[in-house]
$ cat run.cif   # mmCIF, C-alpha atoms and all ligand atoms
data_protein
#
loop_
_atom_site.group_PDB
_atom_site.id
_atom_site.type_symbol
_atom_site.label_atom_id
_atom_site.label_comp_id
_atom_site.auth_asym_id
_atom_site.auth_seq_id
_atom_site.Cartn_x
_atom_site.Cartn_y
_atom_site.Cartn_z
ATOM 1 C CA MET A 193 -44.763 -24.890 33.449
ATOM 2 C CA SER A 194 -43.294 -24.738 29.957
ATOM 3 C CA GLU A 195 -45.223 -25.428 26.759
ATOM 4 C CA HIS A 196 -42.012 -26.890 25.393
ATOM 5 C CA PRO A 197 -40.814 -29.471 27.924
ATOM 6 C CA LYS A 198 -37.527 -31.159 27.177
ATOM 7 C CA ASP A 199 -39.165 -34.358 25.927
ATOM 8 C CA GLY A 200 -40.227 -32.429 22.800
ATOM 9 C CA ARG A 201 -43.938 -32.668 23.610
ATOM 10 C CA PHE A 202 -45.998 -29.519 23.247
ATOM 11 C CA ARG A 203 -48.539 -29.079 26.034
ATOM 12 C CA ASP A 204 -51.084 -26.491 27.207
ATOM 13 C CA LYS A 205 -50.022 -24.428 30.166
ATOM 14 C CA PRO A 206 -52.781 -24.525 32.794
ATOM 15 C CA PRO A 207 -54.629 -21.176 33.085
ATOM 16 C CA GLU A 208 -53.124 -20.582 36.555
ATOM 17 C CA ALA A 209 -49.623 -20.693 35.028
ATOM 18 C CA TYR A 210 -50.356 -17.407 33.206
ATOM 19 C CA ARG A 211 -49.716 -14.215 35.149
ATOM 20 C CA ASP A 212 -53.025 -12.815 33.875
ATOM 21 C CA PRO A 213 -55.051 -15.581 32.192
ATOM 22 C CA ASP A 214 -57.819 -13.107 31.254
ATOM 23 C CA LEU A 215 -55.441 -10.793 29.401
ATOM 24 C CA ASN A 216 -55.944 -12.764 26.193
ATOM 25 C CA PRO A 217 -59.672 -13.603 25.885
ATOM 26 C CA TYR A 218 -58.838 -16.191 23.223
ATOM 27 C CA LEU A 219 -57.075 -18.361 25.787
ATOM 28 C CA LYS A 220 -60.470 -19.145 27.332
ATOM 29 C CA LEU A 221 -62.340 -19.032 24.009
ATOM 30 C CA HIS A 222 -60.109 -21.628 22.376
ATOM 31 C CA ARG A 223 -60.540 -23.921 25.402
ATOM 32 C CA GLU A 224 -64.312 -23.604 25.376
ATOM 33 C CA PHE A 225 -64.867 -23.677 21.598
ATOM 34 C CA GLY A 226 -65.009 -27.456 21.202
ATOM 35 C CA ARG A 227 -64.746 -29.206 17.819
ATOM 36 C CA PRO A 228 -63.475 -28.280 15.288
ATOM 37 C CA ALA A 229 -61.012 -26.513 17.666
ATOM 38 C CA LEU A 230 -58.658 -28.688 19.697
ATOM 39 C CA THR A 231 -56.513 -27.577 22.597
ATOM 40 C CA ALA A 232 -53.007 -29.010 22.731
ATOM 41 C CA GLY A 233 -54.320 -31.434 25.363
ATOM 42 C CA ASP A 234 -57.223 -32.534 23.136
ATOM 43 C CA ALA A 235 -54.841 -33.073 20.228
ATOM 44 C CA ALA A 236 -52.339 -35.012 22.343
ATOM 45 C CA ALA A 237 -55.169 -37.236 23.610
ATOM 46 C CA ILE A 238 -56.082 -38.045 19.988
ATOM 47 C CA GLY A 239 -52.418 -38.750 19.316
ATOM 48 C CA HIS A 240 -52.126 -40.730 16.097
ATOM 49 C CA GLY A 241 -55.815 -41.608 16.162
ATOM 50 C CA TRP A 242 -57.064 -39.286 13.415
ATOM 51 C CA ALA A 243 -59.102 -42.016 11.727
ATOM 52 C CA THR A 244 -61.011 -42.463 14.997
ATOM 53 C CA GLU A 245 -61.385 -38.701 15.430
ATOM 54 C CA PHE A 246 -62.841 -38.297 11.927
ATOM 55 C CA GLY A 247 -64.757 -41.577 12.076
ATOM 56 C CA ARG A 248 -63.221 -42.926 8.867
ATOM 57 C CA ALA A 249 -59.913 -43.805 7.218
ATOM 58 C CA ALA A 250 -59.223 -41.009 4.723
ATOM 59 C CA PRO A 251 -56.000 -39.394 3.469
ATOM 60 C CA LEU A 252 -54.756 -36.935 6.101
ATOM 61 C CA HIS A 253 -53.657 -33.494 4.891
ATOM 62 C CA VAL A 254 -51.874 -31.197 7.331
ATOM 63 C CA GLU A 255 -51.346 -27.438 7.307
ATOM 64 C CA ILE A 256 -48.738 -25.893 9.615
ATOM 65 C CA GLY A 257 -49.437 -22.276 10.650
ATOM 66 C CA ALA A 258 -53.111 -22.069 9.657
ATOM 67 C CA GLY A 259 -53.357 -18.334 10.436
ATOM 68 C CA ASN A 260 -56.886 -17.046 9.862
ATOM 69 C CA GLY A 261 -58.040 -20.324 8.347
ATOM 70 C CA PHE A 262 -58.784 -19.330 4.732
ATOM 71 C CA PHE A 263 -56.702 -22.160 3.316
ATOM 72 C CA LEU A 264 -57.849 -24.870 5.734
ATOM 73 C CA SER A 265 -61.533 -24.065 5.345
ATOM 74 C CA GLY A 266 -61.270 -23.673 1.561
ATOM 75 C CA MET A 267 -59.263 -26.841 0.956
ATOM 76 C CA SER A 268 -61.282 -29.025 3.330
ATOM 77 C CA ALA A 269 -64.509 -27.806 1.709
ATOM 78 C CA ALA A 270 -63.092 -28.482 -1.769
ATOM 79 C CA HIS A 271 -61.947 -31.999 -0.746
ATOM 80 C CA PRO A 272 -64.613 -33.742 1.315
ATOM 81 C CA GLU A 273 -62.867 -37.053 0.543
ATOM 82 C CA GLN A 274 -59.806 -35.942 2.559
ATOM 83 C CA ASP A 275 -59.352 -35.178 6.253
ATOM 84 C CA TRP A 276 -57.567 -31.947 7.186
ATOM 85 C CA LEU A 277 -55.655 -30.973 10.300
ATOM 86 C CA GLY A 278 -54.427 -27.404 10.817
ATOM 87 C CA LEU A 279 -51.852 -26.511 13.436
ATOM 88 C CA GLU A 280 -51.620 -23.005 14.800
ATOM 89 C CA ILE A 281 -49.733 -21.718 17.801
ATOM 90 C CA ARG A 282 -51.703 -18.514 18.514
ATOM 91 C CA PHE A 283 -54.937 -18.787 20.505
ATOM 92 C CA LYS A 284 -56.744 -16.097 18.520
ATOM 93 C CA ARG A 285 -55.930 -17.679 15.188
ATOM 94 C CA VAL A 286 -57.084 -21.094 16.390
ATOM 95 C CA VAL A 287 -60.463 -19.536 17.201
ATOM 96 C CA GLN A 288 -60.603 -17.587 13.913
ATOM 97 C CA THR A 289 -59.818 -20.752 11.977
ATOM 98 C CA ALA A 290 -62.363 -22.791 13.927
ATOM 99 C CA ARG A 291 -65.017 -20.155 13.169
ATOM 100 C CA LYS A 292 -64.176 -20.387 9.446
ATOM 101 C CA LEU A 293 -64.512 -24.175 9.558
ATOM 102 C CA VAL A 294 -67.910 -23.850 11.222
ATOM 103 C CA ALA A 295 -69.004 -21.243 8.662
ATOM 104 C CA ALA A 296 -67.844 -23.527 5.835
ATOM 105 C CA GLY A 297 -69.916 -26.349 7.337
ATOM 106 C CA VAL A 298 -67.119 -28.902 6.999
ATOM 107 C CA SER A 299 -66.861 -32.015 9.151
ATOM 108 C CA ASN A 300 -63.510 -33.179 7.729
ATOM 109 C CA ALA A 301 -61.248 -30.575 9.381
ATOM 110 C CA ARG A 302 -59.862 -29.741 12.808
ATOM 111 C CA VAL A 303 -57.576 -26.975 13.990
ATOM 112 C CA ALA A 304 -55.310 -27.688 16.933
ATOM 113 C CA ARG A 305 -53.284 -25.287 19.011
ATOM 114 C CA TYR A 306 -49.912 -26.947 18.647
ATOM 115 C CA ASP A 307 -46.324 -26.207 17.782
ATOM 116 C CA GLY A 308 -45.882 -27.244 14.168
ATOM 117 C CA ARG A 309 -42.279 -28.191 14.874
ATOM 118 C CA GLN A 310 -43.257 -30.804 17.456
ATOM 119 C CA LEU A 311 -45.757 -33.034 15.725
ATOM 120 C CA ASP A 312 -44.460 -36.543 16.393
ATOM 121 C CA ASP A 313 -47.142 -36.929 19.068
ATOM 122 C CA LEU A 314 -49.826 -36.278 16.451
ATOM 123 C CA LEU A 315 -48.384 -37.606 13.203
ATOM 124 C CA ALA A 316 -47.303 -41.204 12.872
ATOM 125 C CA GLN A 317 -44.447 -41.964 10.534
ATOM 126 C CA GLY A 318 -45.650 -41.998 6.916
ATOM 127 C CA SER A 319 -49.184 -40.939 7.877
ATOM 128 C CA VAL A 320 -49.463 -37.645 5.979
ATOM 129 C CA ALA A 321 -50.807 -37.523 2.412
ATOM 130 C CA GLY A 322 -50.035 -33.814 1.953
ATOM 131 C CA LEU A 323 -48.218 -31.180 4.006
ATOM 132 C CA TYR A 324 -48.874 -27.462 3.468
ATOM 133 C CA ILE A 325 -46.873 -24.550 4.820
ATOM 134 C CA ASN A 326 -48.150 -21.132 3.790
ATOM 135 C CA HIS A 327 -46.147 -18.009 4.546
ATOM 136 C CA PRO A 328 -44.203 -19.216 7.574
ATOM 137 C CA ASP A 329 -42.882 -16.286 9.598
ATOM 138 C CA PRO A 330 -39.916 -14.968 7.569
ATOM 139 C CA TRP A 331 -37.485 -13.795 10.293
ATOM 140 C CA PRO A 332 -35.462 -12.048 7.533
ATOM 141 C CA LYS A 333 -32.797 -10.530 9.828
ATOM 142 C CA ASP A 334 -29.638 -12.635 10.135
ATOM 143 C CA ARG A 335 -29.676 -12.421 13.918
ATOM 144 C CA HIS A 336 -33.122 -14.070 13.945
ATOM 145 C CA ALA A 337 -32.186 -16.848 11.519
ATOM 146 C CA LYS A 338 -32.374 -19.437 14.330
ATOM 147 C CA ASN A 339 -36.156 -18.821 14.517
ATOM 148 C CA ARG A 340 -36.745 -19.810 10.902
ATOM 149 C CA LEU A 341 -38.774 -22.947 10.370
ATOM 150 C CA PHE A 342 -36.533 -24.748 7.893
ATOM 151 C CA HIS A 343 -33.876 -26.312 10.083
ATOM 152 C CA PRO A 344 -32.475 -29.826 9.571
ATOM 153 C CA ASP A 345 -34.527 -31.316 12.437
ATOM 154 C CA PHE A 346 -37.777 -29.909 11.056
ATOM 155 C CA VAL A 347 -37.071 -31.128 7.527
ATOM 156 C CA ASP A 348 -36.139 -34.587 8.887
ATOM 157 C CA ALA A 349 -39.487 -34.567 10.683
ATOM 158 C CA CYS A 350 -41.353 -33.612 7.488
ATOM 159 C CA ALA A 351 -39.693 -36.538 5.679
ATOM 160 C CA ARG A 352 -40.766 -38.803 8.559
ATOM 161 C CA TRP A 353 -44.415 -37.664 8.571
ATOM 162 C CA LEU A 354 -44.973 -37.777 4.804
ATOM 163 C CA ALA A 355 -46.151 -41.036 3.251
ATOM 164 C CA PRO A 356 -43.957 -42.418 0.441
ATOM 165 C CA GLY A 357 -44.693 -40.338 -2.664
ATOM 166 C CA ALA A 358 -46.631 -37.686 -0.691
ATOM 167 C CA ARG A 359 -45.828 -34.026 -1.237
ATOM 168 C CA LEU A 360 -45.107 -30.880 0.712
ATOM 169 C CA ARG A 361 -46.235 -27.522 -0.662
ATOM 170 C CA LEU A 362 -44.553 -24.337 0.507
ATOM 171 C CA LYS A 363 -45.823 -20.859 -0.389
ATOM 172 C CA THR A 364 -43.854 -17.897 0.902
ATOM 173 C CA ASP A 365 -43.038 -14.237 0.317
ATOM 174 C CA PHE A 366 -39.491 -14.874 1.633
ATOM 175 C CA VAL A 367 -37.212 -16.481 -0.953
ATOM 176 C CA GLY A 368 -34.826 -17.447 1.857
ATOM 177 C CA HIS A 369 -37.314 -20.159 2.875
ATOM 178 C CA ILE A 370 -37.304 -21.547 -0.680
ATOM 179 C CA GLU A 371 -33.520 -21.642 -0.722
ATOM 180 C CA ALA A 372 -33.289 -23.202 2.749
ATOM 181 C CA LEU A 373 -35.790 -25.982 2.048
ATOM 182 C CA THR A 374 -34.215 -26.689 -1.370
ATOM 183 C CA ALA A 375 -30.781 -27.053 0.226
ATOM 184 C CA LEU A 376 -32.153 -29.249 3.022
ATOM 185 C CA THR A 377 -33.668 -31.784 0.605
ATOM 186 C CA ASP A 378 -30.079 -32.800 -0.234
ATOM 187 C CA GLY A 379 -29.139 -36.026 1.505
ATOM 188 C CA ARG A 380 -32.746 -36.623 2.601
ATOM 189 C CA PRO A 381 -35.455 -38.797 0.996
ATOM 190 C CA LEU A 382 -36.994 -35.659 -0.513
ATOM 191 C CA ALA A 383 -36.823 -34.145 -3.992
ATOM 192 C CA VAL A 384 -37.848 -30.759 -5.369
ATOM 193 C CA VAL A 385 -40.418 -31.425 -8.100
ATOM 194 C CA GLY A 386 -41.509 -27.862 -8.865
ATOM 195 C CA ARG A 387 -40.851 -24.207 -8.143
ATOM 196 C CA SER A 388 -42.462 -20.911 -9.035
ATOM 197 C CA ASP A 389 -40.946 -17.502 -8.402
ATOM 198 C CA HIS A 390 -44.260 -15.666 -8.872
ATOM 199 C CA ILE A 391 -47.415 -17.688 -8.370
ATOM 200 C CA GLU A 392 -49.815 -14.965 -9.500
ATOM 201 C CA ARG A 393 -47.888 -14.342 -12.732
ATOM 202 C CA ASP A 394 -46.622 -17.836 -13.583
ATOM 203 C CA GLY A 395 -48.946 -20.177 -11.669
ATOM 204 C CA ALA A 396 -48.060 -22.691 -8.994
ATOM 205 C CA PRO A 397 -46.315 -25.976 -9.826
ATOM 206 C CA TRP A 398 -49.312 -27.914 -8.467
ATOM 207 C CA GLY A 399 -51.806 -26.108 -10.713
ATOM 208 C CA GLU A 400 -55.226 -24.733 -9.793
ATOM 209 C CA ASP A 401 -56.063 -26.883 -6.760
ATOM 210 C CA ASP A 402 -55.217 -24.185 -4.233
ATOM 211 C CA VAL A 403 -56.637 -21.431 -2.039
ATOM 212 C CA VAL A 404 -55.118 -17.942 -1.779
ATOM 213 C CA THR A 405 -54.218 -17.402 1.875
ATOM 214 C CA ASN A 406 -54.646 -14.205 3.845
ATOM 215 C CA TYR A 407 -50.930 -13.339 3.624
ATOM 216 C CA GLN A 408 -50.684 -14.398 -0.001
ATOM 217 C CA GLY A 409 -53.498 -11.984 -0.868
ATOM 218 C CA LYS A 410 -51.627 -9.115 0.761
ATOM 219 C CA PHE A 411 -48.563 -9.721 -1.414
ATOM 220 C CA ASP A 412 -50.654 -10.283 -4.553
ATOM 221 C CA ARG A 413 -52.448 -6.946 -4.059
ATOM 222 C CA ARG A 414 -49.095 -5.166 -3.883
ATOM 223 C CA GLY A 415 -47.825 -6.934 -7.019
ATOM 224 C CA LEU A 416 -45.082 -8.630 -4.985
ATOM 225 C CA PRO A 417 -43.937 -12.174 -5.735
ATOM 226 C CA VAL A 418 -45.141 -15.159 -3.780
ATOM 227 C CA TYR A 419 -42.804 -18.128 -4.263
ATOM 228 C CA ALA A 420 -43.779 -21.785 -4.332
ATOM 229 C CA LEU A 421 -41.780 -24.951 -3.763
ATOM 230 C CA TRP A 422 -43.157 -28.454 -4.287
ATOM 231 C CA VAL A 423 -41.259 -31.275 -2.623
ATOM 232 C CA ALA A 424 -41.954 -35.005 -2.920
ATOM 233 C CA ARG A 425 -41.136 -37.741 -0.412
ATOM 234 C CA ASP A 426 -39.329 -40.581 -2.140
ATOM 235 C CA GLY A 427 -41.697 -43.408 -2.983
HETATM 236 C C1 LIG A 501 -47.184 -15.122 8.540
HETATM 237 S S1 LIG A 501 -48.516 -16.028 9.237
HETATM 238 C C2 LIG A 501 -49.232 -16.846 7.844
HETATM 239 C C3 LIG A 501 -50.633 -17.310 8.115
HETATM 240 C C4 LIG A 501 -51.320 -18.091 6.969
HETATM 241 N N1 LIG A 501 -50.663 -19.358 6.733
HETATM 242 C C5 LIG A 501 -51.378 -17.263 5.710
HETATM 243 O O1 LIG A 501 -50.673 -17.610 4.747
HETATM 244 O O2 LIG A 501 -52.129 -16.296 5.683
HETATM 245 C C6 LIG A 501 -47.644 -17.351 10.054
HETATM 246 C C7 LIG A 501 -48.561 -18.168 10.957
HETATM 247 O O3 LIG A 501 -47.833 -19.252 11.516
HETATM 248 C C8 LIG A 501 -48.136 -19.355 12.895
HETATM 249 N N2 LIG A 501 -47.004 -20.024 13.547
HETATM 250 C C9 LIG A 501 -45.776 -19.511 13.784
HETATM 251 N N3 LIG A 501 -44.988 -20.420 14.371
HETATM 252 C C10 LIG A 501 -45.742 -21.554 14.492
HETATM 253 C C11 LIG A 501 -45.491 -22.846 15.029
HETATM 254 N N4 LIG A 501 -44.301 -23.161 15.553
HETATM 255 N N5 LIG A 501 -46.469 -23.753 14.982
HETATM 256 C C12 LIG A 501 -47.700 -23.445 14.456
HETATM 257 N N6 LIG A 501 -47.997 -22.234 13.941
HETATM 258 C C13 LIG A 501 -47.028 -21.306 13.963
HETATM 259 C C14 LIG A 501 -48.355 -17.920 13.330
HETATM 260 O O4 LIG A 501 -49.075 -17.804 14.536
HETATM 261 C C15 LIG A 501 -49.103 -17.361 12.126
HETATM 262 O O5 LIG A 501 -50.497 -17.567 12.235
#
$ encode --input "run.cif" --output "structure tokens" --more "lines below"
Ligand SMILES: C[S@@+](CC[C@H](N)C(=O)[O-])C[C@H]1O[C@@H](n2cnc3c(N)ncnc32)[C@H](O)[C@@H]1O
Amino acid sequence: MSEHPKDGRFRDKPPEAYRDPDLNPYLKLHREFGRPALTAGDAAAIGHGWATEFGRAAPLHVEIGAGNGFFLSGMSAAHPEQDWLGLEIRFKRVVQTARKLVAAGVSNARVARYDGRQLDDLLAQGSVAGLYINHPDPWPKDRHAKNRLFHPDFVDACARWLAPGARLRLKTDFVGHIEALTALTDGRPLAVVGRSDHIERDGAPWGEDDVVTNYQGKFDRRGLPVYALWVARDG
């Protein structure tokens, strides 16, 4: 059974569909963790019902590719008035992020194992108050370009999910992502409202309300640039 059926809906594979389901202990751990971790099935069952899941109607902020969870736990702790949803495709990182959310003691965040490119099941049109993409995999070699996140369909989807006037923040060590997203705003209801070519040196266009991610820290420590792009959905 595929996790990417043709209808564009991401789903868990049942444990018996793996040749050796015990090979990755995080497969079981992520299933048994419970809130704040969500399996793909849990997330799909919530669907667009995030207000019900969080027990209130609050602005929904979404991070794609939560990694180890530094950003999601830090931002959700800093903004108790907002609800936060992190998406992460790797079992281990879902568990690591969920552990960070528990350690931070936040009740306004969840992390779901889901493909960040296939979020229409989870995100209603215009439902997202802020979208955050931190260090998406770079795939710098030309022959891997098809794996890069910023394709027309994905950027169309971002424009669909964002509420009018809401913003997308991209941080990346790969300037190719900045160039691709900038080019893809053309002809879409999106506009670049800020850019930085070295966040540590020049600051980010959105100012201080930010958390240094695990990958960002690695580049900062080596004195290498981390780029930022700030994109607004037309109001
Ligand atoms: C380079 S890491 C960056 C992690 C974190 N955002 C940071 O800045 O430290 C990219 C992350 O995106 C996740 N990822 C890659 N493709 C994804 C997808 N289609 N949906 C959700 N997460 C994805 C990877 O598993 C990985 O955790």
$ closest_atom_pairs --input "run.cif" --of "region 334-376 of chain A" --to "region 420-427 of chain A" --cutoff "10 Å" --atoms "all atoms listed in the file" --output "CSV"
residue,atom,partner,partner_atom,distance
A:Cys350,CA,A:Arg425,CA,8.9
A:Ala351,CA,A:Arg425,CA,6.4
A:Arg352,CA,A:Arg425,CA,9.0
A:Trp353,CA,A:Arg425,CA,9.6
A:Leu354,CA,A:Arg425,CA,6.5
A:Ala355,CA,A:Arg425,CA,7.0
A:Pro356,CA,A:Gly427,CA,4.2
A:Gly357,CA,A:Gly427,CA,4.3
A:Ala358,CA,A:Arg425,CA,5.5
A:Arg359,CA,A:Ala424,CA,4.3
A:Leu360,CA,A:Val423,CA,5.1
A:Arg361,CA,A:Trp422,CA,4.8
A:Leu362,CA,A:Leu421,CA,5.1
A:Lys363,CA,A:Ala420,CA,4.5
A:Thr364,CA,A:Ala420,CA,6.5
A:Asp365,CA,A:Ala420,CA,8.9
A:Val367,CA,A:Ala420,CA,9.1
A:His369,CA,A:Leu421,CA,9.3
A:Ile370,CA,A:Leu421,CA,6.4
A:Glu371,CA,A:Leu421,CA,9.4
A:Leu373,CA,A:Leu421,CA,8.4
A:Thr374,CA,A:Leu421,CA,8.1
$ closest_atom_pairs --input "run.cif" --of "chain A" --to "ligand LIG 501 (chain A)" --cutoff "7 Å" --atoms "only C-alpha atoms and all ligand atoms" --output "CSV"
residue,atom,partner,partner_atom,distance
A:Ile256,CA,A:LIG501,C12,5.5
A:Gly257,CA,A:LIG501,O3,3.5
A:Ala258,CA,A:LIG501,N1,4.7
A:Gly259,CA,A:LIG501,O5,3.5
A:Asn260,CA,A:LIG501,C4,6.4
A:Leu279,CA,A:LIG501,C12,5.3
A:Glu280,CA,A:LIG501,N6,3.8
A:Ile281,CA,A:LIG501,N6,4.3
A:Arg282,CA,A:LIG501,O4,4.8
A:Arg285,CA,A:LIG501,O5,6.2
A:Tyr306,CA,A:LIG501,C12,5.9
A:Asp307,CA,A:LIG501,N5,3.7
A:Gly308,CA,A:LIG501,N5,3.6
A:Arg309,CA,A:LIG501,N4,5.5
A:Ile325,CA,A:LIG501,N1,6.7
A:Asn326,CA,A:LIG501,N1,4.3
A:His327,CA,A:LIG501,O1,4.5
A:Pro328,CA,A:LIG501,C6,4.6
A:Asp329,CA,A:LIG501,C1,4.6
A:Thr405,CA,A:LIG501,O2,4.5
A:Asn406,CA,A:LIG501,O2,3.8
A:Tyr407,CA,A:LIG501,O2,3.8
A:Gln408,CA,A:LIG501,O1,5.7
$ closest_atom_pairs --input "run.cif" --of "region 296-379 of chain A" --to "region 265-278 of chain A" --cutoff "12 Å" --atoms "all atoms listed in the file" --output "Markdown table"
| residue | atom | partner | partner_atom | distance |
| --- | --- | --- | --- | --- |
| A:Ala296 | CA | A:Ser265 | CA | 6.4 |
| A:Gly297 | CA | A:Ala269 | CA | 7.9 |
| A:Val298 | CA | A:Ala269 | CA | 6.0 |
| A:Ser299 | CA | A:Pro272 | CA | 8.3 |
| A:Asn300 | CA | A:Asp275 | CA | 4.8 |
| A:Ala301 | CA | A:Trp276 | CA | 4.5 |
| A:Arg302 | CA | A:Leu277 | CA | 5.1 |
| A:Val303 | CA | A:Gly278 | CA | 4.5 |
| A:Ala304 | CA | A:Gly278 | CA | 6.2 |
| A:Arg305 | CA | A:Gly278 | CA | 8.5 |
| A:Tyr306 | CA | A:Gly278 | CA | 9.1 |
| A:Asp307 | CA | A:Gly278 | CA | 10.8 |
| A:Gly308 | CA | A:Gly278 | CA | 9.2 |
| A:Leu311 | CA | A:Gly278 | CA | 11.4 |
| A:Leu314 | CA | A:Leu277 | CA | 10.0 |
| A:Leu315 | CA | A:Leu277 | CA | 10.3 |
| A:Ser319 | CA | A:Asp275 | CA | 11.8 |
| A:Val320 | CA | A:Trp276 | CA | 10.0 |
| A:Ala321 | CA | A:Gln274 | CA | 9.1 |
| A:Gly322 | CA | A:Trp276 | CA | 9.4 |
| A:Leu323 | CA | A:Leu277 | CA | 9.7 |
| A:Tyr324 | CA | A:Gly278 | CA | 9.2 |
| A:Ile325 | CA | A:Gly278 | CA | 10.1 |
| A:Asn326 | CA | A:Gly278 | CA | 11.3 |
$ closest_residue --input "run.cif" --among "A:Val418, A:Leu341, A:Ala316, A:Val294" --to "Ala243 (chain A)" --atoms "all atoms listed in the file"
A:Ala316
$ resolve_selection --input "run.cif" --expression "the PyMOL selection byres (((chain A and resi 210-216) around 12) and not hetatm)" --output "list in words"
Met193, Ser194, Glu195, Asp204, Lys205, Pro206, Pro207, Glu208, Ala209, Pro217, Tyr218, Leu219, Lys220, Leu221, His222, Arg282, Phe283 and Lys284 of chain A
$ resolve_selection --input "run.cif" --expression "the PyMOL selection byres (((chain A and resi 387) around 8) and not hetatm)" --output "list of chain:residue names"
A:Val384, A:Val385, A:Gly386, A:Ser388, A:Asp389, A:Ala396, A:Pro397, A:Tyr419, A:Ala420, A:Leu421, A:Trp422
$ atom_distance --input "run.cif" --atom1 "CA of Ala232 (chain A)" --atom2 "CA of Gly318 (chain A)"
21.7 Å
$ closest_residue --input "run.cif" --among "A:Gly241, A:Gly415, A:Pro381, A:Gly247" --to "Asp348 (chain A)" --atoms "all atoms listed in the file"
A:Pro381
$ atom_distance --input "run.cif" --atom1 "CA of Val286 (chain A)" --atom2 "CA of Gly409 (chain A)"
19.8 Å
$ build_atoms --input "run.cif" --residues "region 244-256 of chain A" --atoms "N, CA and C atoms" --output "mmCIF file, keeping the file's coordinate frame"
data_model
loop_
_atom_site.group_PDB
_atom_site.id
_atom_site.type_symbol
_atom_site.label_atom_id
_atom_site.label_comp_id
_atom_site.auth_asym_id
_atom_site.auth_seq_id
_atom_site.Cartn_x
_atom_site.Cartn_y
_atom_site.Cartn_z
ATOM 1 N N THR A 244 -59.958 -42.366 13.981
ATOM 2 C CA THR A 244 -61.011 -42.463 14.997
ATOM 3 C C THR A 244 -61.667 -41.101 15.181
ATOM 4 N N GLU A 245 -60.850 -40.055 15.244
ATOM 5 C CA GLU A 245 -61.385 -38.701 15.430
ATOM 6 C C GLU A 245 -62.356 -38.330 14.297
ATOM 7 N N PHE A 246 -61.992 -38.669 13.072
ATOM 8 C CA PHE A 246 -62.841 -38.297 11.927
ATOM 9 C C PHE A 246 -63.884 -39.384 11.610
ATOM 10 N N GLY A 247 -63.767 -40.509 12.271
ATOM 11 C CA GLY A 247 -64.757 -41.577 12.076
ATOM 12 C C GLY A 247 -64.622 -42.277 10.730
ATOM 13 N N ARG A 248 -63.436 -42.227 10.149
ATOM 14 C CA ARG A 248 -63.221 -42.926 8.867
ATOM 15 C C ARG A 248 -61.716 -42.949 8.577
ATOM 16 N N ALA A 249 -61.306 -43.798 7.653
ATOM 17 C CA ALA A 249 -59.913 -43.805 7.218
ATOM 18 C C ALA A 249 -59.831 -43.056 5.903
ATOM 19 N N ALA A 250 -59.341 -41.824 5.937
ATOM 20 C CA ALA A 250 -59.223 -41.009 4.723
ATOM 21 C C ALA A 250 -57.819 -40.400 4.701
ATOM 22 N N PRO A 251 -57.330 -40.001 3.522
ATOM 23 C CA PRO A 251 -56.000 -39.394 3.469
ATOM 24 C C PRO A 251 -55.952 -38.147 4.363
ATOM 25 N N LEU A 252 -54.882 -38.045 5.154
ATOM 26 C CA LEU A 252 -54.756 -36.935 6.101
ATOM 27 C C LEU A 252 -53.853 -35.842 5.519
ATOM 28 N N HIS A 253 -54.408 -34.649 5.392
ATOM 29 C CA HIS A 253 -53.657 -33.494 4.891
ATOM 30 C C HIS A 253 -53.449 -32.520 6.053
ATOM 31 N N VAL A 254 -52.256 -31.959 6.138
ATOM 32 C CA VAL A 254 -51.874 -31.197 7.331
ATOM 33 C C VAL A 254 -51.331 -29.827 6.919
ATOM 34 N N GLU A 255 -51.878 -28.786 7.538
ATOM 35 C CA GLU A 255 -51.346 -27.438 7.307
ATOM 36 C C GLU A 255 -50.673 -26.930 8.586
ATOM 37 N N ILE A 256 -49.457 -26.455 8.464
ATOM 38 C CA ILE A 256 -48.738 -25.893 9.615
ATOM 39 C C ILE A 256 -48.811 -24.369 9.535
#
